[in-house]
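Heads up, work.txt below (compact mmCIF, C-alpha atoms and all ligand atoms):
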```txt
# COMPACT_ATOMS: atom_id res chain seq x y z
CA ALA A 340 -20.48 -265.68 -140.02
CA PRO A 341 -17.45 -263.39 -140.23
CA SER A 342 -17.78 -260.25 -138.19
CA VAL A 343 -18.45 -256.93 -139.92
CA CYS A 344 -15.10 -255.12 -140.01
CA ALA A 345 -14.63 -251.37 -139.66
CA PRO A 346 -14.41 -249.46 -142.94
CA LEU A 347 -10.90 -249.36 -144.34
CA PRO A 348 -9.25 -245.90 -144.19
CA VAL A 349 -9.59 -244.15 -147.56
CA LEU A 350 -8.72 -240.67 -148.83
CA GLY A 351 -11.41 -238.02 -148.97
CA ARG A 352 -13.28 -238.93 -145.79
CA ASP A 353 -12.85 -235.40 -144.42
CA VAL A 354 -13.65 -233.54 -147.62
CA THR A 355 -16.52 -231.10 -147.10
CA VAL A 356 -18.82 -229.82 -149.83
CA PRO A 357 -21.25 -226.88 -149.84
CA LEU A 358 -25.01 -227.46 -149.62
CA VAL A 359 -27.57 -225.34 -151.48
CA THR A 360 -29.44 -225.07 -148.22
CA GLY A 361 -26.40 -223.34 -146.67
CA GLY A 362 -23.43 -224.64 -144.73
CA GLU A 363 -21.39 -227.65 -145.66
CA VAL A 364 -21.21 -231.35 -144.99
CA THR A 365 -18.64 -234.13 -145.37
CA TYR A 366 -18.89 -235.68 -148.80
CA ALA A 367 -20.56 -239.10 -148.95
CA ALA A 368 -18.89 -240.87 -151.88
CA LEU A 369 -21.50 -243.41 -152.95
CA ASP A 370 -20.28 -243.93 -156.51
CA TYR A 371 -17.63 -246.59 -155.92
CA ALA A 372 -18.79 -248.45 -159.05
CA ALA A 373 -17.52 -245.53 -161.15
CA SER A 374 -14.27 -244.94 -159.21
CA ALA A 375 -13.49 -245.88 -155.62
CA PRO A 376 -11.43 -243.60 -153.37
CA ALA A 377 -7.79 -244.54 -152.83
CA LEU A 378 -7.06 -246.64 -149.79
CA GLN A 379 -4.92 -244.66 -147.35
CA ARG A 380 -2.47 -247.55 -147.45
CA VAL A 381 -2.16 -247.31 -151.24
CA TRP A 382 -1.55 -243.58 -150.96
CA ASP A 383 1.09 -244.15 -148.26
CA ASP A 384 2.84 -246.82 -150.32
CA VAL A 385 2.89 -244.57 -153.38
CA ALA A 386 4.19 -241.62 -151.32
CA ALA A 387 6.95 -243.81 -149.87
CA TYR A 388 7.98 -245.00 -153.33
CA ALA A 389 7.71 -241.63 -155.12
CA PRO A 390 11.25 -240.38 -154.27
CA TYR A 391 12.65 -243.55 -155.81
CA TYR A 392 10.64 -243.24 -159.02
CA GLY A 393 12.60 -244.19 -162.12
CA SER A 394 12.25 -245.68 -165.59
CA VAL A 395 11.28 -249.33 -165.91
CA HIS A 396 13.31 -251.75 -168.10
CA ARG A 397 15.34 -248.84 -169.42
CA GLY A 398 18.06 -247.75 -167.05
CA ALA A 399 21.25 -249.04 -165.44
CA GLY A 400 20.93 -246.67 -162.49
CA TYR A 401 19.90 -247.82 -159.04
CA LEU A 402 16.47 -246.19 -159.13
CA SER A 403 15.71 -247.65 -162.55
CA GLN A 404 16.65 -251.08 -161.25
CA LEU A 405 14.49 -250.56 -158.20
CA SER A 406 11.51 -249.39 -160.27
CA THR A 407 11.91 -252.38 -162.59
CA ASP A 408 11.89 -254.71 -159.58
CA LEU A 409 8.80 -253.06 -158.13
CA PHE A 410 7.02 -253.23 -161.48
CA GLU A 411 7.78 -256.93 -161.93
CA ASN A 412 6.91 -257.65 -158.28
CA ALA A 413 3.59 -255.91 -158.88
CA ARG A 414 2.95 -258.35 -161.71
CA ARG A 415 3.59 -261.27 -159.35
CA THR A 416 1.34 -259.76 -156.68
CA VAL A 417 -1.50 -259.44 -159.19
CA ALA A 418 -0.96 -263.05 -160.35
CA GLU A 419 -1.26 -264.15 -156.72
CA PHE A 420 -4.29 -261.92 -156.10
CA LEU A 421 -6.05 -263.55 -159.07
CA ASP A 422 -4.78 -267.05 -158.25
CA CYS A 423 -3.43 -267.43 -161.78
CA ARG A 424 -2.17 -270.68 -163.29
CA ASP A 425 1.53 -271.29 -163.94
CA GLY A 426 2.34 -269.81 -167.30
CA ASP A 427 -0.44 -267.21 -167.26
CA GLN A 428 0.57 -263.69 -168.24
CA VAL A 429 -0.30 -260.49 -166.40
CA VAL A 430 -0.33 -257.53 -168.78
CA PHE A 431 -0.56 -254.04 -167.29
CA THR A 432 -2.97 -251.82 -169.20
CA ARG A 433 -4.73 -248.51 -168.57
CA SER A 434 -8.09 -249.98 -167.54
CA THR A 435 -10.64 -252.73 -168.09
CA THR A 436 -11.65 -251.05 -171.35
CA ASP A 437 -8.05 -251.13 -172.48
CA SER A 438 -7.63 -254.78 -171.39
CA LEU A 439 -10.69 -255.99 -173.29
CA ASN A 440 -9.68 -254.03 -176.40
CA LEU A 441 -6.24 -255.62 -176.14
CA LEU A 442 -7.79 -259.09 -176.07
CA ALA A 443 -10.09 -258.16 -178.96
CA ALA A 444 -7.00 -257.17 -180.97
CA ALA A 445 -5.39 -260.52 -180.12
CA LEU A 446 -8.25 -262.80 -181.25
CA PRO A 447 -7.15 -265.56 -183.59
CA ALA A 448 -8.39 -265.33 -187.18
CA GLY A 449 -12.02 -266.34 -187.59
CA CYS A 450 -12.75 -266.18 -183.85
CA GLN A 451 -16.42 -266.07 -182.98
CA VAL A 452 -17.40 -263.99 -179.94
CA PHE A 453 -20.42 -264.51 -177.68
CA VAL A 454 -21.52 -261.71 -175.41
CA PHE A 455 -24.71 -260.92 -173.51
CA GLU A 456 -26.42 -257.68 -174.48
CA THR A 457 -26.41 -256.81 -170.78
CA GLU A 458 -22.69 -256.12 -170.64
CA HIS A 459 -21.02 -252.81 -169.90
CA HIS A 460 -20.05 -251.15 -173.19
CA ALA A 461 -16.38 -251.93 -172.43
CA ALA A 462 -17.26 -255.62 -172.72
CA LEU A 463 -19.96 -255.25 -175.38
CA LEU A 464 -18.24 -253.15 -178.02
CA PRO A 465 -14.56 -254.15 -178.51
CA TRP A 466 -15.43 -257.26 -180.56
CA ARG A 467 -17.18 -255.57 -183.43
CA ASP A 468 -14.43 -256.49 -185.93
CA ALA A 469 -15.04 -260.17 -185.14
CA ARG A 470 -18.12 -262.30 -185.77
CA VAL A 471 -20.21 -261.50 -182.69
CA THR A 472 -23.33 -263.20 -181.38
CA TYR A 473 -25.23 -260.96 -178.96
CA LEU A 474 -27.21 -262.96 -176.43
CA ASP A 475 -30.53 -261.77 -175.01
CA ALA A 476 -30.75 -260.65 -171.39
CA PRO A 477 -31.33 -263.72 -169.19
CA ARG A 478 -33.78 -263.52 -166.29
CA SER A 479 -31.95 -265.96 -164.02
CA PRO A 480 -28.41 -267.27 -163.67
CA ARG A 481 -29.65 -270.61 -164.91
CA GLN A 482 -31.14 -269.01 -168.00
CA ALA A 483 -27.82 -267.28 -168.64
CA VAL A 484 -26.06 -270.65 -168.76
CA GLU A 485 -28.79 -272.22 -170.92
CA THR A 486 -28.75 -269.28 -173.33
CA LEU A 487 -24.99 -269.53 -173.72
CA GLU A 488 -25.08 -273.31 -174.12
CA ARG A 489 -27.70 -273.05 -176.87
CA ALA A 490 -25.76 -270.38 -178.73
CA LEU A 491 -22.50 -272.34 -178.53
CA ALA A 492 -24.19 -275.58 -179.62
CA ASP A 493 -25.62 -273.76 -182.63
CA ARG A 494 -22.34 -272.36 -183.84
CA ALA A 495 -21.69 -273.64 -187.31
CA ALA A 496 -17.91 -273.78 -187.48
CA HIS A 497 -15.73 -275.15 -184.73
CA GLY A 498 -12.92 -272.64 -184.99
CA PRO A 499 -11.80 -270.46 -182.10
CA ALA A 500 -14.51 -268.87 -179.97
CA LEU A 501 -14.55 -266.51 -177.03
CA VAL A 502 -17.24 -265.76 -174.45
CA CYS A 503 -17.06 -262.43 -172.64
CA VAL A 504 -19.01 -262.09 -169.43
CA THR A 505 -19.18 -259.84 -166.40
CA GLY A 506 -18.61 -261.13 -162.87
CA ALA A 507 -20.86 -258.53 -161.24
CA SER A 508 -23.10 -256.09 -163.08
CA ASN A 509 -22.22 -252.41 -162.88
CA VAL A 510 -25.97 -251.67 -162.99
CA THR A 511 -27.67 -254.18 -160.71
CA GLY A 512 -24.62 -255.41 -158.78
CA GLU A 513 -25.87 -258.95 -159.40
CA LEU A 514 -23.34 -261.77 -159.46
CA TRP A 515 -23.19 -263.81 -162.65
CA PRO A 516 -22.69 -267.61 -162.65
CA VAL A 517 -19.13 -267.34 -163.91
CA ARG A 518 -17.99 -270.86 -163.04
CA GLU A 519 -20.98 -272.41 -164.81
CA LEU A 520 -20.57 -270.15 -167.85
CA ALA A 521 -16.88 -271.05 -168.02
CA ALA A 522 -17.76 -274.75 -167.88
CA ALA A 523 -20.30 -274.28 -170.68
CA ALA A 524 -17.78 -272.35 -172.79
CA HIS A 525 -15.10 -274.99 -172.35
CA ALA A 526 -17.49 -277.88 -173.00
CA HIS A 527 -18.06 -276.35 -176.43
CA GLY A 528 -14.41 -275.62 -177.14
CA ALA A 529 -14.71 -271.88 -176.47
CA ARG A 530 -12.65 -269.70 -174.17
CA ILE A 531 -13.94 -267.15 -171.70
CA VAL A 532 -12.81 -263.75 -170.48
CA LEU A 533 -14.18 -262.38 -167.23
CA ASP A 534 -14.89 -258.66 -166.90
CA ALA A 535 -14.09 -258.36 -163.21
CA ALA A 536 -14.21 -254.55 -163.05
CA GLN A 537 -17.02 -254.73 -160.49
CA LEU A 538 -16.24 -258.14 -159.04
CA ALA A 539 -12.57 -257.87 -158.10
CA PRO A 540 -13.01 -254.95 -155.65
CA HIS A 541 -15.71 -256.85 -153.75
CA HIS A 542 -14.99 -260.58 -154.02
CA PRO A 543 -11.99 -262.85 -154.30
CA VAL A 544 -11.39 -263.83 -157.93
CA SER A 545 -9.62 -267.12 -158.57
CA VAL A 546 -8.72 -267.80 -162.17
CA LYS A 547 -8.10 -271.44 -161.25
CA ASP A 548 -11.29 -271.97 -159.31
CA LEU A 549 -13.55 -270.14 -161.77
CA ASP A 550 -11.60 -271.74 -164.62
CA VAL A 551 -11.70 -268.62 -166.77
CA ASP A 552 -9.12 -268.03 -169.48
CA TRP A 553 -8.64 -264.30 -168.88
CA VAL A 554 -9.61 -261.70 -166.32
CA ALA A 555 -9.75 -257.92 -166.80
CA PHE A 556 -10.11 -255.26 -164.11
CA SER A 557 -9.26 -251.62 -163.32
CA GLY A 558 -7.13 -250.14 -160.54
CA HIS A 559 -9.37 -247.11 -160.04
CA LYS A 560 -12.32 -249.28 -158.99
CA LEU A 561 -10.04 -251.31 -156.70
CA TYR A 562 -8.99 -248.35 -154.53
CA ALA A 563 -5.90 -247.51 -156.63
CA PRO A 564 -6.80 -244.56 -158.83
CA PHE A 565 -3.44 -244.25 -160.58
CA GLY A 566 -4.33 -245.11 -164.18
CA SER A 567 -3.71 -248.83 -164.29
CA GLY A 568 -5.57 -251.95 -165.32
CA VAL A 569 -4.87 -255.62 -165.87
CA LEU A 570 -5.45 -258.33 -168.42
CA ALA A 571 -4.35 -261.66 -166.96
CA GLY A 572 -4.62 -265.16 -168.31
CA ARG A 573 -3.56 -267.60 -170.99
CA ALA A 574 -0.36 -266.70 -172.77
CA ASP A 575 -0.92 -268.41 -176.13
CA TRP A 576 -3.30 -266.02 -177.89
CA LEU A 577 -1.39 -263.06 -176.48
CA ARG A 578 1.96 -264.45 -177.58
CA GLU A 579 0.75 -265.21 -181.08
CA ALA A 580 -0.89 -261.82 -181.65
CA GLU A 581 0.59 -258.69 -183.10
CA PRO A 582 1.57 -256.31 -180.28
CA TYR A 583 -1.29 -254.13 -179.07
CA LEU A 584 1.02 -251.12 -179.37
CA ALA A 585 4.15 -251.12 -181.49
CA GLY A 586 7.21 -249.54 -179.93
CA GLY A 587 10.10 -249.82 -177.53
CA GLY A 588 9.85 -252.38 -174.76
CA ALA A 589 7.68 -254.70 -176.90
CA SER A 590 10.49 -255.37 -179.38
CA ARG A 591 13.40 -257.68 -178.63
CA LYS A 592 15.39 -256.99 -181.82
CA VAL A 593 14.92 -254.52 -184.64
CA THR A 594 17.06 -254.65 -187.77
CA ARG A 595 17.15 -253.05 -191.19
CA CYS A 596 16.45 -255.75 -193.75
CA THR A 597 17.94 -256.15 -197.18
CA ASP A 598 14.85 -254.76 -198.93
CA GLY A 599 15.36 -251.51 -197.04
CA GLY A 600 12.55 -252.06 -194.55
CA VAL A 601 12.67 -252.91 -190.87
CA ASP A 602 12.40 -256.36 -189.31
CA VAL A 603 11.15 -256.81 -185.75
CA GLU A 604 11.29 -259.66 -183.29
CA TRP A 605 8.70 -259.07 -180.60
CA HIS A 606 8.89 -260.27 -177.03
CA ASP A 607 6.82 -263.34 -176.13
CA SER A 608 6.22 -262.15 -172.58
CA ALA A 609 3.64 -259.63 -171.33
CA ALA A 610 6.05 -256.90 -172.50
CA ARG A 611 4.86 -257.66 -176.06
CA HIS A 612 1.69 -255.69 -175.31
CA GLU A 613 3.21 -253.03 -173.05
CA ALA A 614 5.18 -250.90 -175.51
CA GLY A 615 6.31 -247.53 -174.22
CA SER A 616 7.41 -246.57 -170.72
CA PRO A 617 5.10 -248.38 -168.32
CA ASN A 618 2.98 -246.72 -165.65
CA VAL A 619 5.04 -248.02 -162.73
CA ILE A 620 3.21 -245.98 -160.10
CA GLY A 621 -0.13 -247.26 -161.38
CA ALA A 622 1.05 -250.87 -161.31
CA TYR A 623 2.64 -250.44 -157.88
CA ALA A 624 -0.52 -248.82 -156.49
CA LEU A 625 -2.72 -251.53 -157.93
CA ALA A 626 -0.53 -254.22 -156.37
CA SER A 627 -0.61 -252.37 -153.05
CA ALA A 628 -4.44 -252.41 -153.16
CA CYS A 629 -4.44 -256.13 -153.98
CA LYS A 630 -2.26 -256.77 -150.92
CA ALA A 631 -4.38 -254.57 -148.66
CA LEU A 632 -7.62 -256.34 -149.63
CA THR A 633 -6.05 -259.77 -149.26
CA GLU A 634 -4.58 -258.92 -145.86
CA THR A 635 -7.88 -257.49 -144.61
CA GLY A 636 -9.59 -260.64 -145.86
CA PHE A 637 -12.46 -260.81 -148.30
CA ASP A 638 -14.62 -262.66 -145.76
CA THR A 639 -14.89 -259.60 -143.57
CA LEU A 640 -15.07 -257.19 -146.52
CA VAL A 641 -17.95 -259.14 -148.05
CA ALA A 642 -19.70 -259.32 -144.67
CA ARG A 643 -19.41 -255.55 -144.24
CA GLU A 644 -20.67 -254.85 -147.72
CA GLN A 645 -23.65 -257.20 -147.34
CA TYR A 646 -24.47 -255.42 -144.08
CA LEU A 647 -24.53 -252.10 -145.98
CA VAL A 648 -26.60 -253.58 -148.83
CA ALA A 649 -29.12 -254.78 -146.24
CA LYS A 650 -29.17 -251.32 -144.64
CA VAL A 651 -30.18 -249.77 -147.97
CA ARG A 652 -32.75 -252.44 -148.83
CA GLU A 653 -34.32 -252.51 -145.37
CA GLY A 654 -34.10 -248.75 -144.98
CA LEU A 655 -36.07 -248.18 -148.16
CA ALA A 656 -38.40 -251.18 -147.94
CA ASP A 657 -41.27 -248.99 -146.74
CA VAL A 658 -40.88 -246.46 -149.57
CA PRO A 659 -43.19 -247.83 -152.28
CA GLN A 660 -42.05 -245.26 -154.86
CA VAL A 661 -38.55 -246.76 -154.91
CA ARG A 662 -38.11 -249.61 -157.40
CA PHE A 663 -34.75 -251.41 -157.48
CA LEU A 664 -33.62 -252.80 -160.83
CA SER A 665 -32.66 -256.43 -161.16
CA LEU A 666 -32.45 -259.12 -163.81
CA PHE A 667 -32.31 -262.10 -161.47
CA GLY A 668 -34.75 -260.93 -158.78
CA ASP A 669 -34.55 -258.59 -155.83
CA ASP A 670 -32.99 -261.20 -153.56
CA ALA A 671 -30.29 -262.31 -155.99
CA PRO A 672 -26.77 -262.15 -154.53
CA ARG A 673 -25.08 -258.85 -155.40
CA VAL A 674 -22.16 -256.60 -154.58
CA GLY A 675 -22.64 -253.12 -153.14
CA VAL A 676 -24.11 -251.69 -156.34
CA LEU A 677 -27.84 -250.90 -156.52
CA SER A 678 -29.76 -249.04 -159.21
CA PHE A 679 -33.28 -247.77 -158.77
CA VAL A 680 -35.93 -245.39 -160.02
CA VAL A 681 -38.21 -243.28 -157.88
CA GLU A 682 -41.76 -243.10 -159.15
CA GLY A 683 -42.78 -239.56 -160.01
CA TRP A 684 -39.18 -238.34 -160.01
CA ASN A 685 -36.77 -237.43 -162.74
CA SER A 686 -33.69 -239.58 -161.95
CA SER A 687 -31.24 -236.83 -162.92
CA HIS A 688 -33.00 -234.27 -160.74
CA PHE A 689 -33.15 -236.77 -157.91
CA ALA A 690 -29.40 -237.47 -158.09
CA ALA A 691 -28.67 -233.74 -158.34
CA ALA A 692 -30.75 -233.13 -155.21
CA LEU A 693 -28.89 -235.85 -153.29
CA SER A 694 -25.70 -233.97 -154.10
CA ALA A 695 -26.87 -230.41 -153.58
CA GLU A 696 -28.99 -230.96 -150.47
CA TYR A 697 -27.17 -233.84 -148.75
CA GLY A 698 -23.60 -233.91 -150.10
CA ILE A 699 -24.14 -237.42 -151.48
CA GLY A 700 -22.41 -238.44 -154.72
CA VAL A 701 -24.31 -241.07 -156.73
CA ARG A 702 -24.64 -241.57 -160.48
CA ASP A 703 -27.64 -241.20 -162.76
CA GLY A 704 -28.12 -242.24 -166.37
CA LEU A 705 -27.68 -245.46 -168.31
CA PHE A 706 -24.30 -246.39 -166.78
CA CYS A 707 -22.53 -247.29 -170.06
CA ALA A 708 -24.86 -250.29 -170.32
CA HIS A 709 -27.61 -248.86 -172.50
CA PRO A 710 -29.24 -252.10 -173.68
CA LEU A 711 -29.38 -253.49 -170.13
CA VAL A 712 -30.84 -250.37 -168.54
CA ARG A 713 -33.44 -250.05 -171.29
CA THR A 714 -34.43 -253.69 -170.70
CA LEU A 715 -34.68 -253.12 -166.94
CA LEU A 716 -36.75 -249.96 -167.38
CA GLY A 717 -38.93 -251.56 -170.05
CA SER A 718 -38.23 -248.69 -172.44
CA ASP A 719 -38.13 -248.87 -176.22
CA PRO A 720 -34.91 -250.74 -177.05
CA GLN A 721 -34.23 -248.72 -180.21
CA THR A 722 -34.94 -245.15 -179.39
CA GLN A 723 -35.41 -244.26 -175.78
CA GLY A 724 -33.01 -243.40 -173.05
CA GLU A 725 -30.17 -241.65 -174.85
CA CYS A 726 -27.49 -240.37 -172.49
CA GLY A 727 -28.67 -237.00 -171.24
CA ALA A 728 -32.18 -237.54 -172.63
CA PRO A 729 -35.03 -235.66 -171.00
CA GLU A 730 -36.76 -237.55 -168.24
CA ALA A 731 -40.19 -239.11 -168.64
CA ALA A 732 -43.24 -236.98 -167.96
CA PRO A 733 -45.17 -237.73 -164.75
CA GLY A 734 -46.88 -241.09 -165.02
CA GLU A 735 -44.57 -242.26 -167.83
CA LYS A 736 -41.76 -244.78 -167.50
CA SER A 737 -38.34 -243.54 -166.39
CA LEU A 738 -35.76 -243.31 -169.15
CA ASN A 739 -32.78 -243.52 -166.87
CA ALA A 740 -31.96 -244.60 -163.33
CA ILE A 741 -30.01 -243.73 -160.19
CA ARG A 742 -27.14 -245.88 -158.96
CA VAL A 743 -25.78 -246.01 -155.42
CA SER A 744 -22.58 -247.99 -154.85
CA PHE A 745 -20.15 -248.47 -152.00
CA GLY A 746 -17.36 -250.68 -150.72
CA ALA A 747 -14.52 -251.23 -148.30
CA GLY A 748 -14.17 -247.57 -147.27
CA THR A 749 -17.85 -246.72 -146.79
CA PRO A 750 -18.84 -245.75 -143.24
CA ASP A 751 -22.35 -246.57 -141.95
CA GLU A 752 -23.16 -242.85 -141.79
CA HIS A 753 -22.94 -242.43 -145.59
CA VAL A 754 -25.47 -245.16 -146.21
CA GLU A 755 -27.70 -243.96 -143.37
CA ARG A 756 -27.62 -240.42 -144.76
CA PHE A 757 -28.53 -241.79 -148.20
CA VAL A 758 -31.54 -243.70 -146.84
CA ARG A 759 -32.69 -240.61 -144.93
CA ALA A 760 -32.25 -238.38 -147.97
CA VAL A 761 -34.22 -240.70 -150.26
CA LYS A 762 -37.00 -240.90 -147.72
N1 LIG B 801 -16.85 -253.30 -167.00
C1 LIG B 801 -17.64 -252.95 -165.99
C2 LIG B 801 -18.58 -253.97 -165.43
C3 LIG B 801 -17.57 -251.65 -165.47
O1 LIG B 801 -18.36 -251.31 -164.46
C4 LIG B 801 -16.66 -250.73 -166.02
C5 LIG B 801 -16.55 -249.30 -165.51
N2 LIG B 801 -17.75 -248.70 -165.18
C6 LIG B 801 -15.85 -251.15 -167.08
C7 LIG B 801 -15.97 -252.44 -167.53
C8 LIG B 801 -14.86 -250.23 -167.69
O2 LIG B 801 -13.90 -249.89 -166.78
P1 LIG B 801 -12.88 -248.69 -167.09
O3 LIG B 801 -13.73 -247.47 -167.27
O4 LIG B 801 -12.02 -248.63 -165.89
O5 LIG B 801 -12.17 -249.07 -168.33
```
Translate this structure into C-alpha cells?
Ligand code: PMP
Amino acid sequence: APSVCAPLPVLGRDVTVPLVTGGEVTYAALDYAASAPALQRVWDDVAAYAPYYGSVHRGAGYLSQLSTDLFENARRTVAEFLDCRDGDQVVFTRSTTDSLNLLAAALPAGCQVFVFETEHHAALLPWRDARVTYLDAPRSPRQAVETLERALADRAAHGPALVCVTGASNVTGELWPVRELAAAAHAHGARIVLDAAQLAPHHPVSVKDLDVDWVAFSGHKLYAPFGSGVLAGRADWLREAEPYLAGGGASRKVTRCTDGGVDVEWHDSAARHEAGSPNVIGAYALASACKALTETGFDTLVAREQYLVAKVREGLADVPQVRFLSLFGDDAPRVGVLSFVVEGWNSSHFAAALSAEYGIGVRDGLFCAHPLVRTLLGSDPQTQGECGAPEAAPGEKSLNAIRVSFGAGTPDEHVERFVRAVK
C-alpha cells in the first residue's frame, strides 16, 4: 500500500480564531467539500505570475501574449489532468454550477435527461427546460446501475439523451459506479456528464477510462480558489449549440447584413462559450493545482485521506449517539466527506459549538442536496428540512445534518481535535 504522505502545504494553517471559552486556537478547516484552502504552491504560482498579468486573446503586447499562452497552456494541463480524448474541448467556466448550466443550454433539441434525485442541486436543477426523468435514490451501486438501465430501456423515443451523475457525493462522500453508469448510458444510446466537483480533488479522473462524455468540476474545491471551473468533453454538442454567452471572444466575424441587422459567425472552439475577457488567473491557478496533485501522486493522497477517514470512523465508533449517513452502507468506499447526526442534538447548534468552543469549521444543513438529505434522515420528502428550519424536538428525527470534510492539506491534529470535540 502507498505510504501516507504528509499534508500538502496550504494557506490558512496558522490562522487563529477566538474561542467563546477565552483565548484562541488555530482554525481547523474541516469544510473542504464546500471550498478547500489554496495550496501554497498555487498561491506561489499566482503571485509569480501576477506582475505579468494581461488580457487574453486581445492584445499585441508582450504581457498579453504571455497571458494568452498561459491561458491556453492551462487548458492543455486540464486536458491532461482529466486524460481527455483527442478532440475533446476544455471550456473554462466559473464553477461546476456554471459548467452544468452551460451543458444544459447546449442540449440538442428534444434531449431527454436522466438524473438521480440524490444529486447536488447544481446537477439536479439545470435541466428543467428539458424533458427530465428523476430517478429514485438507489441503495447500492448495483441498484444505481439497474435503476438507470430500466429508465433508459423504458424511454419511448430514441432521440438524444443525457445522464448526469456525481462521481462522489457531497453529502455522504460515497463513490458512485461511474464507469458502469457510463456503460449503461452508452448501451442505450445516451451520453453522460460526470459531476466531479467532489471527485476530482480526491481521486484521479480519466475521461477515457471512465468513458464519460463530459466532466465538470470547480477550482475552489481543488485547492485553487480563484473563481474558475471546467466543462471538458465532447466537442460536437458544444460546437453545434448557441454560445452560452454572446459577446467578444466567442465571435469570429460580425457583419451588418442587408436587412439592417447583424450577422455573427461564432467560433467552433471552446472560445464559443467563453465570451468576455477570461479569468486567466483562475484558469492558471486551477492548472497549477492540477499539476501539484498529479506530481504529488493520487496514490499517496488517497492513502492519506483514507487514513483520516478511518481516524474519524474509529474515533467515533464508541459514541452511539453519532449516526453517519450513507446510501450504500457504512463501509462503502468514500472520499473524505462524512455527514452525521448526533442523537439528542440540534445539528446547527452542534456545528456552532464546534466552531465557538474548538475553532473547528464544519457545515450543517441540507448541503444543497435537499432530496438526498431528507431521504437519508427519513424526513417527510415534501415539507420537512427547509434550509434554516428549526431543529427537531428531543426524541424526534433530525431535520438537518452536520458534515465534516477534509483533503490534501488536512493535518492529523484537525481530525483528532474534531473527534475529541464530538466526544
Ligand atoms: N456538485 C457537487 C457534488 C458539489 O459538491 C458542488 C458544491 N458543493 C457543486 C456541484 C457545485 O459546485 P460550485 O458551487 O463550485 O458550482
Let me see if you get this right: every residue at most 7 Å from ligand LIG 801 (chain B), counting only C-alpha atoms and all ligand atoms, written as a ChimeraX atom specification.
/A:372-373,434-437,458-459,461-462,505,507-509,534-537,557,559-560,707
For a quick check of understanding, using all atoms listed in the file, which of A:Ser438, A:Ser567, A:Ser374, A:Ser627 has the smallest distance to Ala387 (chain A)?
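So, comparing all the options, the nearest one is A:Ser627.
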Return the single residue from A:Ala367, A:Leu677, A:Val395, A:Val761 that is closest to Gly587 (chain A), with distances computed using all atoms listed in the file.
A:Val395
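CA of Val364 (chain A) sits 9.5 Å away from CA of Glu696 (chain A).
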Could I get the residues of region 498-532 of chain A with an atom no further than 12 Å from an atom of region 641-651 of chain A, each paired with its nearest atom pair and that distance in Å to one decimal, using all atoms listed in the file, sorted by chain and residue number, as JSON lines?
```
{"residue": "A:Thr511", "atom": "CA", "partner": "A:Val648", "partner_atom": "CA", "distance": 11.9}
{"residue": "A:Gly512", "atom": "CA", "partner": "A:Val648", "partner_atom": "CA", "distance": 10.3}
{"residue": "A:Glu513", "atom": "CA", "partner": "A:Val648", "partner_atom": "CA", "distance": 11.9}
```
Export, as a short mmCIF file (atom, residue, chain, number, x, y, z; two decimals), keeping the file's coordinate frame, the selected residues with C-alpha atoms.
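Output file result-v7.cif is given in full below:
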```
data_model
loop_
_atom_site.label_atom_id
_atom_site.label_comp_id
_atom_site.auth_asym_id
_atom_site.auth_seq_id
_atom_site.Cartn_x
_atom_site.Cartn_y
_atom_site.Cartn_z
CA THR A 511 -27.67 -254.18 -160.71
CA GLY A 512 -24.62 -255.41 -158.78
CA GLU A 513 -25.87 -258.95 -159.40
#
```
Neighbours of Phe757 (chain A) within 12 Å (all atoms listed in the file; same-chain residues fewer than 6 positions away dropped), as JSON, numbers by chain?
{"A": [366, 367, 368, 369, 370, 647, 648, 650, 651, 652, 654, 655, 689, 690, 692, 693, 694, 696, 697, 698, 699, 700, 701, 742, 743, 744, 745, 749, 750, 751]}
Identify which of the residues A:Gly717, A:Pro582, A:Gly572, A:Gly398 lies closest to Asp422 (chain A), counting only C-alpha atoms when measuring atom-to-atom distances.
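Checking each of A:Gly717, A:Pro582, A:Gly572, A:Gly398 against Asp422 (chain A), counting only C-alpha atoms, the winner is A:Gly572.
Distance-wise, CA of Glu485 (chain A) and CA of Arg424 (chain A) end up 27.7 Å apart.
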At what distance in Å, to one decimal, does CA of Asp548 (chain A) lie from CA of Phe420 (chain A)?
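Separation of CA of Phe420 (chain A) and CA of Asp548 (chain A): 12.7 Å.
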Do you know which residues are at most 7 Å from Phe667 (chain A) counting only C-alpha atoms, after dropping those on the same chain fewer than 4 positions away, and could you put them as a PyMOL selection string?
chain A and resi 478-480+671
Would you kindly return, as a ChimeraX atom specification, each protein, DNA or RNA residue with an atom no farther than 6 Å from any atom of Glu456 (chain A), considering all atoms listed in the file and excluding same-chain residues fewer than 5 positions away?
/A:473-475
